[in-house]
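Notes follow once the structure below has been shown.
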Amino acid sequence: MNPVAEAHDSPVIVVKYGGAAFDSSLLSSSAARNLATLARGGRRVLLVHGGGRAVTEEATRRGLVTRFVDGLRATDREMLDVVRTVMVGRLNKDLVGQLGRSGIRAIGLSGEDAGLIRARTFRPGGGTVDLGYVGEPAEVRTDVLHMVWRAGMVPVVASVAADEAGVPHNINADSAAAALAAALCAERLVYVTDVDGLLRDPADPKSRIVRLSSRELDELLRNQPPKDGMLPKLTAALDALRSGVRQVRIIGSRQEDAVLLAATTDTTVGTTFYGHE
């Protein structure tokens, strides 16, 4: 029997793969191999994905203008259709197929499926900015994921979810991954992106921060918040740590075996955020 199906109390590893890290619409070969190793080793693996670059490309093809506010994509009805088409209809299935070719029985889901994630409308700037159909996780139903793991499969989740009225919302994948990790009491949450960690100076690759406590991360967000897509990632990381996730890591997709190292060792690859130890 697949170890994933047997290990009901085995560690949960949540891996969020960002749209900027995709090679076309697929994981790196190293990441796919690492996920297979984790699943076969008995860990309950959950893959959450974004699709930012692919969504932007499809929006441009349709003649739509993309607007971001603090790293979040403004989402009107037309953009929401693009998000659902690309993330749920294409990227999610591409990833399931790729994992299948790597020997993993995977199943594609979105937050809408079986009420996995319930959304509520999110407005930044103290509620003064209207981003349209942009949501944040309000509730997570972990029973859906446990059913998948008991069946010996790896869930692959696209970050689209419906609100109480059944209206779909575009949820930032970093926030979705953090909410899922918190609800599952995950051992580790790993963000895979196109940068090799958090940099003190975004223009200097050598300024990478190796470790940061939740207190230090909170201070950074209050005093020197980043102005790009790193902001929702760091905010989500802090939320996850405050909710009991032991470690959150940001790693670059180009590092060989980075996912496996980040999920199972105390490697200095990327940036590690930690709570109370």
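For the structure tokens, the naming scheme is as follows: chains receive sequential letters (A, B, ...) according to their order of presentation, residues are indexed from 1 within each chain, and ligands are indexed from 1 in presentation order.
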
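Residue neighbourhood of Arg222 in chain A, excluding near-sequence residues (fewer than 6 positions): Arg215, Glu216, Leu231, Leu234, Thr235 and Leu238 of chain A, at 12 Å, using only C-alpha atoms.
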
I need the chosen residues saved as a compact mmCIF listing (two decimals), in the first residue's frame, with N, CA, C and O atoms.
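The result, written out as again_20.txt:
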```txt
# COMPACT_ATOMS: atom_id res chain seq x y z
N ARG A 215 8.95 37.12 15.19
CA ARG A 215 9.00 38.48 15.74
C ARG A 215 9.76 39.42 14.81
O ARG A 215 9.32 40.55 14.55
N GLU A 216 10.89 38.94 14.29
CA GLU A 216 11.68 39.77 13.37
C GLU A 216 10.93 40.01 12.06
O GLU A 216 11.00 41.09 11.48
N LEU A 231 5.33 40.82 -0.68
CA LEU A 231 4.53 41.26 0.46
C LEU A 231 3.47 40.24 0.85
O LEU A 231 3.39 39.85 2.03
N LEU A 234 5.19 37.15 2.49
CA LEU A 234 5.69 37.34 3.85
C LEU A 234 4.54 37.48 4.84
O LEU A 234 4.61 36.97 5.96
N THR A 235 3.49 38.17 4.44
CA THR A 235 2.31 38.30 5.30
C THR A 235 1.70 36.93 5.57
O THR A 235 1.32 36.61 6.71
N LEU A 238 3.88 34.90 7.99
CA LEU A 238 3.69 35.30 9.39
C LEU A 238 2.38 34.74 9.93
O LEU A 238 2.33 34.24 11.06
```

Give me, as JSON lines, each residue of range 58-150 of chain A that comes within 10 Å of range 180-198 of chain A, together with its shortest interatomic pair and the distance in Å at one decimal, counting only C-alpha atoms, with rows ordered by chain and rising residue number.
```
{"residue": "A:Leu116", "atom": "CA", "partner": "A:Leu180", "partner_atom": "CA", "distance": 9.3}
{"residue": "A:Ile117", "atom": "CA", "partner": "A:Leu180", "partner_atom": "CA", "distance": 8.4}
{"residue": "A:Pro137", "atom": "CA", "partner": "A:Leu180", "partner_atom": "CA", "distance": 8.9}
{"residue": "A:Glu139", "atom": "CA", "partner": "A:Ala183", "partner_atom": "CA", "distance": 8.7}
{"residue": "A:Val140", "atom": "CA", "partner": "A:Ala183", "partner_atom": "CA", "distance": 6.6}
{"residue": "A:Arg141", "atom": "CA", "partner": "A:Ala183", "partner_atom": "CA", "distance": 8.2}
{"residue": "A:Thr142", "atom": "CA", "partner": "A:Leu184", "partner_atom": "CA", "distance": 6.7}
{"residue": "A:Asp143", "atom": "CA", "partner": "A:Leu184", "partner_atom": "CA", "distance": 9.8}
{"residue": "A:Leu145", "atom": "CA", "partner": "A:Leu184", "partner_atom": "CA", "distance": 9.1}
{"residue": "A:His146", "atom": "CA", "partner": "A:Leu184", "partner_atom": "CA", "distance": 9.4}
```

Can you spit out the residues from that selection as a compact mmCIF listing (two decimals), in the first residue's frame, using all heavy atoms?
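Resulting contents of part.txt:
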```
# COMPACT_ATOMS: atom_id res chain seq x y z
N LEU A 116 -13.61 23.03 -0.19
CA LEU A 116 -12.30 22.92 0.43
C LEU A 116 -11.87 24.22 1.11
O LEU A 116 -11.43 24.22 2.26
CB LEU A 116 -11.26 22.51 -0.62
CG LEU A 116 -9.79 22.49 -0.18
CD1 LEU A 116 -9.59 21.57 1.00
CD2 LEU A 116 -8.89 22.10 -1.34
N ILE A 117 -12.02 25.34 0.40
CA ILE A 117 -11.73 26.65 0.98
C ILE A 117 -12.94 27.54 0.77
O ILE A 117 -13.47 27.62 -0.34
CB ILE A 117 -10.51 27.31 0.31
CG1 ILE A 117 -9.26 26.44 0.44
CG2 ILE A 117 -10.24 28.70 0.91
CD1 ILE A 117 -8.06 26.96 -0.33
N PRO A 137 -8.86 33.39 2.41
CA PRO A 137 -9.46 32.20 3.01
C PRO A 137 -10.18 32.55 4.31
O PRO A 137 -9.62 33.19 5.19
CB PRO A 137 -8.26 31.29 3.28
CG PRO A 137 -7.17 31.80 2.39
CD PRO A 137 -7.39 33.29 2.31
N GLU A 139 -12.28 29.89 5.68
CA GLU A 139 -12.47 28.59 6.32
C GLU A 139 -11.86 27.52 5.42
O GLU A 139 -11.88 27.63 4.20
CB GLU A 139 -13.96 28.30 6.53
CG GLU A 139 -14.27 27.02 7.26
CD GLU A 139 -15.78 26.80 7.44
OE1 GLU A 139 -16.55 27.67 7.01
OE2 GLU A 139 -16.14 25.75 7.99
N VAL A 140 -11.31 26.48 6.04
CA VAL A 140 -10.74 25.36 5.30
C VAL A 140 -11.36 24.06 5.80
O VAL A 140 -11.48 23.86 7.02
CB VAL A 140 -9.20 25.29 5.48
CG1 VAL A 140 -8.63 24.03 4.85
CG2 VAL A 140 -8.54 26.53 4.89
N ARG A 141 -11.77 23.19 4.88
CA ARG A 141 -12.31 21.87 5.24
C ARG A 141 -11.22 20.83 5.00
O ARG A 141 -11.03 20.37 3.87
CB ARG A 141 -13.54 21.56 4.41
CG ARG A 141 -14.75 22.41 4.74
CD ARG A 141 -16.00 21.84 4.13
NE ARG A 141 -16.21 20.45 4.54
CZ ARG A 141 -17.29 19.74 4.23
NH1 ARG A 141 -18.24 20.28 3.48
NH2 ARG A 141 -17.41 18.50 4.63
N THR A 142 -10.54 20.46 6.05
CA THR A 142 -9.42 19.53 5.89
C THR A 142 -9.88 18.10 5.61
O THR A 142 -9.08 17.28 5.13
CB THR A 142 -8.54 19.52 7.15
OG1 THR A 142 -9.34 19.13 8.28
CG2 THR A 142 -7.94 20.90 7.39
N ASP A 143 -11.15 17.77 5.87
CA ASP A 143 -11.62 16.41 5.64
C ASP A 143 -11.46 16.01 4.17
O ASP A 143 -11.21 14.85 3.86
CB ASP A 143 -13.07 16.24 6.09
CG ASP A 143 -14.02 17.18 5.36
OD1 ASP A 143 -13.64 18.34 5.10
OD2 ASP A 143 -15.15 16.76 5.05
N LEU A 145 -9.04 16.82 2.16
CA LEU A 145 -7.64 16.44 1.93
C LEU A 145 -7.31 15.11 2.58
O LEU A 145 -6.58 14.29 2.01
CB LEU A 145 -6.72 17.54 2.45
CG LEU A 145 -6.94 18.91 1.79
CD1 LEU A 145 -6.13 19.99 2.48
CD2 LEU A 145 -6.59 18.86 0.31
N HIS A 146 -7.85 14.87 3.77
CA HIS A 146 -7.59 13.60 4.44
C HIS A 146 -8.16 12.43 3.64
O HIS A 146 -7.57 11.34 3.60
CB HIS A 146 -8.15 13.62 5.86
CG HIS A 146 -7.38 14.51 6.79
ND1 HIS A 146 -6.06 14.28 7.11
CD2 HIS A 146 -7.74 15.64 7.47
CE1 HIS A 146 -5.63 15.22 7.95
NE2 HIS A 146 -6.63 16.06 8.17
```

Just the alpha helix (DSSP H) stuff from range 65-182 of chain A, please, per backbone DSSP, written as a compact mmCIF listing (two decimals) with N, CA, C and O atoms, in the first residue's frame.
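Result saved to out.txt:
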```txt
# COMPACT_ATOMS: atom_id res chain seq x y z
N ARG A 77 -14.90 40.60 -13.51
CA ARG A 77 -15.51 39.36 -14.02
C ARG A 77 -14.71 38.75 -15.16
O ARG A 77 -14.53 37.53 -15.24
N GLU A 78 -14.21 39.60 -16.05
CA GLU A 78 -13.42 39.08 -17.18
C GLU A 78 -12.11 38.47 -16.71
O GLU A 78 -11.70 37.41 -17.19
N MET A 79 -11.45 39.14 -15.78
CA MET A 79 -10.20 38.61 -15.26
C MET A 79 -10.43 37.33 -14.46
O MET A 79 -9.61 36.41 -14.49
N LEU A 80 -11.54 37.27 -13.74
CA LEU A 80 -11.86 36.06 -12.98
C LEU A 80 -12.01 34.87 -13.93
O LEU A 80 -11.57 33.75 -13.62
N ASP A 81 -12.62 35.09 -15.09
CA ASP A 81 -12.76 34.02 -16.06
C ASP A 81 -11.39 33.55 -16.54
O ASP A 81 -11.15 32.35 -16.71
N VAL A 82 -10.48 34.50 -16.74
CA VAL A 82 -9.11 34.14 -17.13
C VAL A 82 -8.45 33.32 -16.03
O VAL A 82 -7.82 32.28 -16.29
N VAL A 83 -8.56 33.76 -14.78
CA VAL A 83 -7.95 33.07 -13.65
C VAL A 83 -8.45 31.63 -13.55
O VAL A 83 -7.65 30.68 -13.43
N ASN A 92 -3.60 23.36 -13.40
CA ASN A 92 -3.87 22.30 -12.44
C ASN A 92 -3.78 20.93 -13.10
O ASN A 92 -3.16 20.01 -12.56
N LYS A 93 -4.36 20.80 -14.28
CA LYS A 93 -4.34 19.51 -14.97
C LYS A 93 -2.96 19.20 -15.52
O LYS A 93 -2.55 18.03 -15.55
N ASP A 94 -2.22 20.22 -15.96
CA ASP A 94 -0.84 20.00 -16.40
C ASP A 94 0.01 19.43 -15.26
O ASP A 94 0.82 18.52 -15.45
N LEU A 95 -0.18 19.98 -14.05
CA LEU A 95 0.60 19.53 -12.90
C LEU A 95 0.23 18.11 -12.50
O LEU A 95 1.10 17.29 -12.19
N VAL A 96 -1.06 17.80 -12.51
CA VAL A 96 -1.49 16.44 -12.19
C VAL A 96 -0.89 15.45 -13.18
O VAL A 96 -0.40 14.38 -12.81
N GLY A 97 -0.89 15.82 -14.46
CA GLY A 97 -0.32 14.95 -15.47
C GLY A 97 1.18 14.77 -15.29
O GLY A 97 1.71 13.66 -15.42
N GLN A 98 1.87 15.84 -14.96
CA GLN A 98 3.31 15.75 -14.76
C GLN A 98 3.65 14.86 -13.57
O GLN A 98 4.56 14.03 -13.63
N LEU A 99 2.91 15.04 -12.46
CA LEU A 99 3.16 14.21 -11.29
C LEU A 99 2.86 12.74 -11.59
O LEU A 99 3.56 11.84 -11.11
N GLY A 100 1.83 12.51 -12.39
CA GLY A 100 1.53 11.14 -12.80
C GLY A 100 2.68 10.51 -13.55
O GLY A 100 3.02 9.33 -13.34
N ARG A 101 3.32 11.28 -14.41
CA ARG A 101 4.48 10.77 -15.16
C ARG A 101 5.68 10.54 -14.25
O ARG A 101 6.60 9.80 -14.61
N THR A 142 -10.54 20.46 6.05
CA THR A 142 -9.42 19.53 5.89
C THR A 142 -9.88 18.10 5.61
O THR A 142 -9.08 17.28 5.13
N ASP A 143 -11.15 17.77 5.87
CA ASP A 143 -11.62 16.41 5.64
C ASP A 143 -11.46 16.01 4.17
O ASP A 143 -11.21 14.85 3.86
N VAL A 144 -11.59 16.97 3.27
CA VAL A 144 -11.43 16.69 1.85
C VAL A 144 -10.01 16.17 1.57
O VAL A 144 -9.81 15.19 0.85
N LEU A 145 -9.04 16.82 2.16
CA LEU A 145 -7.64 16.44 1.93
C LEU A 145 -7.31 15.11 2.58
O LEU A 145 -6.58 14.29 2.01
N HIS A 146 -7.85 14.87 3.77
CA HIS A 146 -7.59 13.60 4.44
C HIS A 146 -8.16 12.43 3.64
O HIS A 146 -7.57 11.34 3.60
N MET A 147 -9.29 12.64 2.99
CA MET A 147 -9.86 11.61 2.13
C MET A 147 -8.91 11.29 0.98
O MET A 147 -8.71 10.12 0.62
N VAL A 148 -8.33 12.33 0.40
CA VAL A 148 -7.39 12.13 -0.71
C VAL A 148 -6.17 11.37 -0.24
O VAL A 148 -5.70 10.43 -0.91
N TRP A 149 -5.61 11.76 0.90
CA TRP A 149 -4.42 11.07 1.41
C TRP A 149 -4.72 9.61 1.76
O TRP A 149 -3.90 8.73 1.51
N ARG A 150 -5.91 9.36 2.35
CA ARG A 150 -6.26 7.97 2.68
C ARG A 150 -6.34 7.11 1.43
O ARG A 150 -6.11 5.90 1.48
N ALA A 173 -2.31 32.72 -3.98
CA ALA A 173 -1.91 31.35 -3.67
C ALA A 173 -1.04 31.27 -2.42
O ALA A 173 -1.05 30.25 -1.72
N ASP A 174 -0.28 32.32 -2.12
CA ASP A 174 0.51 32.33 -0.89
C ASP A 174 -0.40 32.27 0.33
O ASP A 174 -0.15 31.54 1.29
N SER A 175 -1.49 33.06 0.29
CA SER A 175 -2.45 33.07 1.40
C SER A 175 -3.18 31.75 1.51
O SER A 175 -3.42 31.25 2.61
N ALA A 176 -3.55 31.18 0.36
CA ALA A 176 -4.24 29.89 0.37
C ALA A 176 -3.35 28.81 0.98
O ALA A 176 -3.80 28.00 1.80
N ALA A 177 -2.08 28.79 0.58
CA ALA A 177 -1.15 27.79 1.12
C ALA A 177 -0.98 27.95 2.63
O ALA A 177 -0.94 26.95 3.37
N ALA A 178 -0.88 29.18 3.10
CA ALA A 178 -0.72 29.42 4.53
C ALA A 178 -1.95 28.97 5.30
O ALA A 178 -1.83 28.37 6.38
N ALA A 179 -3.14 29.26 4.78
CA ALA A 179 -4.37 28.85 5.46
C ALA A 179 -4.49 27.33 5.50
O ALA A 179 -4.90 26.75 6.52
N LEU A 180 -4.14 26.67 4.42
CA LEU A 180 -4.18 25.21 4.39
C LEU A 180 -3.15 24.62 5.36
O LEU A 180 -3.45 23.68 6.10
N ALA A 181 -1.96 25.17 5.37
CA ALA A 181 -0.91 24.68 6.27
C ALA A 181 -1.32 24.85 7.73
O ALA A 181 -1.12 23.95 8.56
N ALA A 182 -1.93 25.98 8.05
CA ALA A 182 -2.37 26.23 9.42
C ALA A 182 -3.47 25.26 9.82
O ALA A 182 -3.44 24.68 10.92
```

Taking the DSSP secondary structure from the backbone, can you list the residues of range 235-268 of chain A that are strand (DSSP E), as a ChimeraX atom specification?
/A:247-252

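The closest residue to Arg105 in chain A, picked from A:Leu64, A:Val156, A:Ala74, A:Val69 and counting only C-alpha atoms, is A:Val156.
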
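In terms of minimum interatomic distance to Asp257 in chain A, A:Val269 ranks closest within A:Ala162, A:Ala39, A:Val245, A:Val269, counting only C-alpha atoms.
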